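**Q** So here's entry-v7.tsv, just TSV, C-alpha atoms:
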chain	number	residue	atom	x	y	z
A	1	MET	CA	155.40	89.90	88.70
A	2	VAL	CA	152.54	88.42	90.67
A	3	LYS	CA	152.62	86.46	93.92
A	4	LEU	CA	150.96	83.07	94.33
A	5	ASN	CA	148.41	82.93	97.14
A	6	GLU	CA	148.53	80.36	99.95
A	7	GLU	CA	146.10	77.97	98.23
A	8	MET	CA	148.20	78.00	95.05
A	9	LYS	CA	151.44	77.47	96.97
A	10	THR	CA	149.90	74.49	98.79
A	11	ALA	CA	148.71	72.98	95.50
A	12	PHE	CA	152.15	73.56	93.93
A	13	SER	CA	153.82	71.72	96.82
A	14	LYS	CA	151.72	68.60	96.16
A	15	VAL	CA	152.69	68.16	92.50
A	16	LYS	CA	155.44	65.65	91.63
A	17	ILE	CA	155.79	66.23	87.87
A	18	PHE	CA	155.07	69.54	86.13
A	19	PRO	CA	154.23	69.84	82.43
A	20	VAL	CA	156.33	72.81	81.27
A	21	ALA	CA	155.62	74.44	77.90
A	22	THR	CA	157.96	76.58	75.82
A	23	ALA	CA	157.87	77.78	72.22
A	24	SER	CA	160.47	78.72	69.64
A	25	LYS	CA	160.60	82.23	68.25
A	26	GLU	CA	158.52	80.88	65.35
A	27	GLY	CA	155.89	79.67	67.83
A	28	ILE	CA	156.61	75.93	67.56
A	29	PRO	CA	155.55	74.55	70.96
A	30	ASN	CA	157.25	71.99	73.16
A	31	VAL	CA	155.94	70.46	76.41
A	32	VAL	CA	158.04	68.30	78.73
A	33	PRO	CA	157.53	66.71	82.17
A	34	ILE	CA	159.82	68.30	84.75
A	35	GLY	CA	160.59	66.66	88.08
A	36	PHE	CA	162.65	69.47	89.59
A	37	CYS	CA	160.33	72.47	89.59
A	38	GLN	CA	160.58	74.32	92.90
A	39	LEU	CA	158.74	77.36	94.20
A	40	LYS	CA	161.64	79.53	95.34
A	41	ASP	CA	159.38	82.27	96.71
A	42	ASP	CA	155.84	83.57	96.08
A	43	GLU	CA	156.78	84.97	92.65
A	44	THR	CA	159.73	82.84	91.46
A	45	ILE	CA	160.07	79.22	90.28
A	46	TRP	CA	163.32	77.32	89.84
A	47	ILE	CA	163.58	74.59	87.22
A	48	SER	CA	166.66	72.42	86.83
A	49	ASP	CA	167.88	71.75	83.31
A	50	ASN	CA	168.99	68.16	83.62
A	51	PHE	CA	168.20	66.86	80.14
A	52	MET	CA	166.59	69.75	78.28
A	53	SER	CA	167.41	70.21	74.63
A	54	LYS	CA	164.38	71.56	72.74
A	55	SER	CA	163.09	73.45	75.79
A	56	LEU	CA	166.46	75.08	76.41
A	57	ALA	CA	166.79	76.04	72.73
A	58	ASN	CA	163.28	77.52	72.87
A	59	LEU	CA	164.06	79.51	76.02
A	60	GLU	CA	167.20	80.91	74.43
A	61	GLU	CA	164.99	82.28	71.60
A	62	ASN	CA	161.82	83.03	73.55
A	63	PRO	CA	161.76	83.39	77.36
A	64	ASN	CA	157.99	82.81	77.72
A	65	VAL	CA	157.06	79.68	79.66
A	66	ALA	CA	153.86	78.06	80.95
A	67	ILE	CA	153.69	75.59	83.84
A	68	TYR	CA	150.61	73.44	84.47
A	69	VAL	CA	149.85	72.74	88.14
A	70	TRP	CA	147.60	69.74	88.77
A	71	GLY	CA	147.68	66.49	90.68
A	72	PRO	CA	145.31	64.14	92.47
A	73	ASP	CA	145.77	66.06	95.74
A	74	THR	CA	145.78	69.66	94.50
A	75	GLY	CA	142.03	70.29	94.68
A	76	GLY	CA	142.01	71.93	91.26
A	77	CYS	CA	144.36	73.14	88.58
A	78	PHE	CA	145.88	76.32	87.27
A	79	GLN	CA	148.46	77.49	84.76
A	80	ILE	CA	151.38	79.74	85.63
A	81	LYS	CA	152.92	81.92	82.95
A	82	GLY	CA	156.17	83.79	83.24
A	83	LYS	CA	159.51	84.82	81.82
A	84	ALA	CA	162.48	82.52	82.14
A	85	GLU	CA	166.12	83.39	82.62
A	86	ILE	CA	168.81	80.77	82.00
A	87	ILE	CA	171.48	80.89	84.73
A	88	SER	CA	174.61	78.74	84.34
A	89	SER	CA	176.91	80.10	87.03
A	90	GLY	CA	176.91	82.07	90.25
A	91	GLU	CA	175.35	81.76	93.68
A	92	LYS	CA	171.79	80.87	92.58
A	93	PHE	CA	173.08	78.25	90.14
A	94	GLU	CA	175.34	76.64	92.75
A	95	LYS	CA	172.50	76.56	95.29
A	96	MET	CA	170.17	74.85	92.79
A	97	LYS	CA	172.87	72.37	91.80
A	98	ALA	CA	173.44	71.44	95.47
A	99	ILE	CA	169.69	70.93	96.02
A	100	VAL	CA	169.41	68.70	92.94
A	101	ASN	CA	172.53	66.69	93.78
A	102	ALA	CA	171.36	66.14	97.38
A	103	ALA	CA	167.98	64.87	96.18
A	104	LYS	CA	169.19	62.85	93.16
A	105	PRO	CA	172.96	62.31	93.05
A	106	GLY	CA	174.19	61.99	89.50
A	107	LEU	CA	171.78	64.41	87.83
A	108	PRO	CA	173.78	66.96	85.85
A	109	ALA	CA	171.87	70.17	86.84
A	110	LYS	CA	173.40	71.93	83.82
A	111	ASN	CA	171.43	75.18	84.11
A	112	LEU	CA	169.02	76.90	86.45
A	113	ILE	CA	165.89	78.14	84.71
A	114	GLU	CA	164.52	80.93	86.90
A	115	VAL	CA	160.92	81.82	86.09
A	116	SER	CA	159.44	85.13	87.19
A	117	ILE	CA	155.68	84.61	87.50
A	118	SER	CA	153.63	87.10	85.47
A	119	ASP	CA	150.13	85.55	85.31
A	120	VAL	CA	148.04	82.70	86.70
A	121	PHE	CA	145.00	81.26	84.88
A	122	GLN	CA	142.20	78.85	85.81
A	123	CYS	CA	142.47	75.47	84.09
A	124	ALA	CA	139.43	73.65	85.47
A	125	PRO	CA	136.62	73.06	82.94
A	126	GLY	CA	133.47	75.13	83.13
A	127	PRO	CA	132.43	78.74	82.77
A	128	ASN	CA	135.60	80.05	84.46
A	129	ALA	CA	138.01	78.01	82.28
A	130	GLY	CA	140.84	80.27	81.15
A	131	LYS	CA	139.90	83.03	83.60
A	132	LYS	CA	142.84	85.08	84.83
A	133	LEU	CA	143.27	84.45	88.56
A	134	LEU	CA	146.33	86.66	89.19
Turn this file's structure into structure tokens for me.
**A**
Amino acid sequence: MVKLNEEMKTAFSKVKIFPVATASKEGIPNVVPIGFCQLKDDETIWISDNFMSKSLANLEENPNVAIYVWGPDTGGCFQIKGKAEIISSGEKFEKMKAIVNAAKPGLPAKNLIEVSISDVFQCAPGPNAGKKLL
């Protein structure tokens, strides 16, 4: 796993909606906008499965995930890649469910998708596009 630096953590905190990409075991991609995508620590991201269907099916077959970090106030953009684990019970799950329900009562918070960050890549156009940052 890799740890996000302070600049990346600040940018992450300014994003409201995160495009999250998954793929089936056959490589069929799926990208969805996720509102609950929280940096749990420097190397872990929590995503709440409120209404996932294709993404959840993909993650059950293939744990690889990509998260795009960009917004008008981020000062740039980058892509986080990692491995996801689906958690549907236990202490972490209950903590995530409480956070989601406090912020948006009524959301189901069916599963916690815990992403362990493995790589970070530059997304801005130009000669460094696609360059591995971490």
**Q** Figure out the distance between CA of Pro125 in chain A and CA of Ile28 in chain A, please, to one decimal in Å.
**A**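 Between these atoms lies a distance of 25.4 Å.
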**Q** Pick out the closest residue to Asn58 in chain A from this set: A:Thr22, A:Gly71, A:Gly35, A:Gly90. Count only C-alpha atoms.
**A**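 Closest candidate: A:Thr22.
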**Q** From the options A:Gly27, A:Gly82, A:Gly75, A:Pro108, which residue's atoms come nearest to Met52 in chain A, counting only C-alpha atoms?
**A** A:Pro108
**Q** Point out the residue among A:Leu107, A:Leu39, A:Val65, A:Leu134 with the least atom-to-atom distance to Ala11 in chain A, counting all atoms listed in the file.
**A**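 Residue with the minimum atom-to-atom distance to Ala11 in chain A: A:Leu39.
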**Q** Need to verify the contact set: range 44-49 of chain A, 10 Å, all atoms listed in the file, exclusion of same-chain residues closer than 3 positions in sequence. Can you return it as a PyMOL selection string?
**A** chain A and resi 1-4+18+20+34-41+52-53+55-56+67+80+82-88+92-93+96-97+99-100+107-118
**Q** For Gln79 in chain A, which residue out of A:Asn5, A:Gln122, A:Thr10, A:Asn101 is the nearest one, using only C-alpha atoms?
**A**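 Counting only C-alpha atoms, the residue closest to Gln79 in chain A is A:Gln122.
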**Q** If you measure from CA of Asn128 in chain A to CA of Asn62 in chain A, what distance in Å do you get, rounded to one decimal?
**A**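 Computed distance, CA of Asn128 in chain A to CA of Asn62 in chain A, equals 28.6 Å.
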**Q** Considering all atoms listed in the file, can you say which of A:Pro33, A:Gly76, A:Gly106, A:Pro63 comes closest to Ile17 in chain A?
**A**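 Looking only at the distances to Ile17 in chain A, the closest residue turns out to be A:Pro33.
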**Q** Can you work out the spacing between CA of Pro127 in chain A and CA of Glu6 in chain A in Å, to one decimal?
**A**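 Atom-to-atom, CA of Pro127 in chain A to CA of Glu6 in chain A, that is 23.6 Å.
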**Q** Measuring between all atoms listed in the file, which one of A:Cys77, A:Ser89, A:Ala66, A:Asp119 shows the shortest distance to Met8 in chain A?
**A**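 Nearest candidate to Met8 in chain A out of A:Cys77, A:Ser89, A:Ala66, A:Asp119: A:Cys77.
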**Q** I'd like the neighbourhood of Glu7 in chain A as a ChimeraX atom specification, where a residue qualifies if any of its atoms comes within 12 Å (using all atoms listed in the file), though same-chain residues fewer than 6 positions away should be ignored.
**A** /A:13-14,42,69,74-78,133
**Q** Write a file for range 94-108 of chain A, containing all heavy atoms (output as a tab-separated table (two decimals), in the first residue's frame).
**A**
chain	number	residue	atom	x	y	z
A	94	GLU	N	-20.31	-1.27	10.92
A	94	GLU	CA	-21.23	-0.54	11.79
A	94	GLU	C	-20.82	0.93	11.92
A	94	GLU	O	-21.67	1.83	11.94
A	94	GLU	CB	-21.32	-1.20	13.17
A	94	GLU	CG	-21.98	-2.57	13.15
A	94	GLU	CD	-23.42	-2.58	12.62
A	94	GLU	OE1	-24.14	-1.56	12.76
A	94	GLU	OE2	-23.82	-3.61	12.04
A	95	LYS	N	-19.52	1.19	11.98
A	95	LYS	CA	-19.03	2.57	12.05
A	95	LYS	C	-19.39	3.33	10.78
A	95	LYS	O	-19.88	4.46	10.84
A	95	LYS	CB	-17.53	2.58	12.29
A	95	LYS	CG	-16.97	3.96	12.53
A	95	LYS	CD	-15.50	3.92	12.93
A	95	LYS	CE	-15.01	5.32	13.24
A	95	LYS	NZ	-13.63	5.33	13.69
A	96	MET	N	-19.16	2.71	9.61
A	96	MET	CA	-19.51	3.36	8.34
A	96	MET	C	-21.02	3.62	8.26
A	96	MET	O	-21.45	4.69	7.88
A	96	MET	CB	-19.06	2.48	7.17
A	96	MET	CG	-19.43	2.99	5.78
A	96	MET	SD	-21.11	2.58	5.17
A	96	MET	CE	-21.16	0.81	5.28
A	97	LYS	N	-21.81	2.63	8.64
A	97	LYS	CA	-23.26	2.77	8.59
A	97	LYS	C	-23.72	3.95	9.46
A	97	LYS	O	-24.58	4.73	9.06
A	97	LYS	CB	-23.92	1.47	9.02
A	97	LYS	CG	-25.42	1.41	8.77
A	97	LYS	CD	-25.93	0.00	9.02
A	97	LYS	CE	-27.39	-0.13	8.70
A	97	LYS	NZ	-27.71	-0.10	7.28
A	98	ALA	N	-23.14	4.10	10.65
A	98	ALA	CA	-23.49	5.20	11.54
A	98	ALA	C	-23.12	6.54	10.93
A	98	ALA	O	-23.88	7.52	11.02
A	98	ALA	CB	-22.81	5.02	12.90
A	99	ILE	N	-21.95	6.62	10.29
A	99	ILE	CA	-21.52	7.86	9.63
A	99	ILE	C	-22.49	8.23	8.51
A	99	ILE	O	-22.93	9.38	8.40
A	99	ILE	CB	-20.08	7.73	9.09
A	99	ILE	CG1	-19.08	7.60	10.23
A	99	ILE	CG2	-19.73	8.93	8.20
A	99	ILE	CD1	-17.69	7.17	9.79
A	100	VAL	N	-22.84	7.26	7.69
A	100	VAL	CA	-23.76	7.50	6.57
A	100	VAL	C	-25.13	7.92	7.09
A	100	VAL	O	-25.71	8.90	6.61
A	100	VAL	CB	-23.87	6.26	5.65
A	100	VAL	CG1	-24.98	6.43	4.63
A	100	VAL	CG2	-22.54	5.99	4.95
A	101	ASN	N	-25.66	7.20	8.07
A	101	ASN	CA	-26.99	7.51	8.59
A	101	ASN	C	-27.05	8.86	9.29
A	101	ASN	O	-28.07	9.54	9.24
A	101	ASN	CB	-27.48	6.40	9.52
A	101	ASN	CG	-27.82	5.14	8.76
A	101	ASN	OD1	-28.16	5.17	7.58
A	101	ASN	ND2	-27.72	4.01	9.42
A	102	ALA	N	-25.95	9.28	9.92
A	102	ALA	CA	-25.91	10.60	10.55
A	102	ALA	C	-25.92	11.70	9.49
A	102	ALA	O	-26.55	12.74	9.68
A	102	ALA	CB	-24.67	10.72	11.43
A	103	ALA	N	-25.22	11.47	8.38
A	103	ALA	CA	-25.14	12.48	7.33
A	103	ALA	C	-26.39	12.51	6.45
A	103	ALA	O	-26.86	13.58	6.07
A	103	ALA	CB	-23.91	12.22	6.45
A	104	LYS	N	-26.91	11.34	6.14
A	104	LYS	CA	-28.08	11.23	5.23
A	104	LYS	C	-29.01	10.13	5.75
A	104	LYS	O	-28.96	8.99	5.28
A	104	LYS	CB	-27.62	10.87	3.82
A	104	LYS	CG	-26.73	11.87	3.16
A	104	LYS	CD	-27.53	12.94	2.48
A	104	LYS	CE	-26.59	13.84	1.71
A	104	LYS	NZ	-27.23	14.82	0.94
A	105	PRO	N	-29.86	10.46	6.72
A	105	PRO	CA	-30.77	9.44	7.24
A	105	PRO	C	-31.59	8.82	6.11
A	105	PRO	O	-32.02	9.51	5.19
A	105	PRO	CB	-31.67	10.22	8.20
A	105	PRO	CG	-30.87	11.43	8.57
A	105	PRO	CD	-30.04	11.75	7.35
A	106	GLY	N	-31.77	7.53	6.17
A	106	GLY	CA	-32.56	6.85	5.15
A	106	GLY	C	-31.74	6.13	4.10
A	106	GLY	O	-32.26	5.26	3.40
A	107	LEU	N	-30.45	6.48	3.96
A	107	LEU	CA	-29.62	5.73	3.01
A	107	LEU	C	-29.36	4.33	3.58
A	107	LEU	O	-29.12	4.19	4.78
A	107	LEU	CB	-28.30	6.44	2.72
A	107	LEU	CG	-28.38	7.69	1.84
A	107	LEU	CD1	-26.99	8.31	1.68
A	107	LEU	CD2	-28.97	7.36	0.48
A	108	PRO	N	-29.39	3.32	2.74
A	108	PRO	CA	-29.29	1.95	3.26
A	108	PRO	C	-27.92	1.52	3.76
A	108	PRO	O	-27.85	0.65	4.63
A	108	PRO	CB	-29.71	1.08	2.06
A	108	PRO	CG	-29.46	1.92	0.87
A	108	PRO	CD	-29.67	3.35	1.30
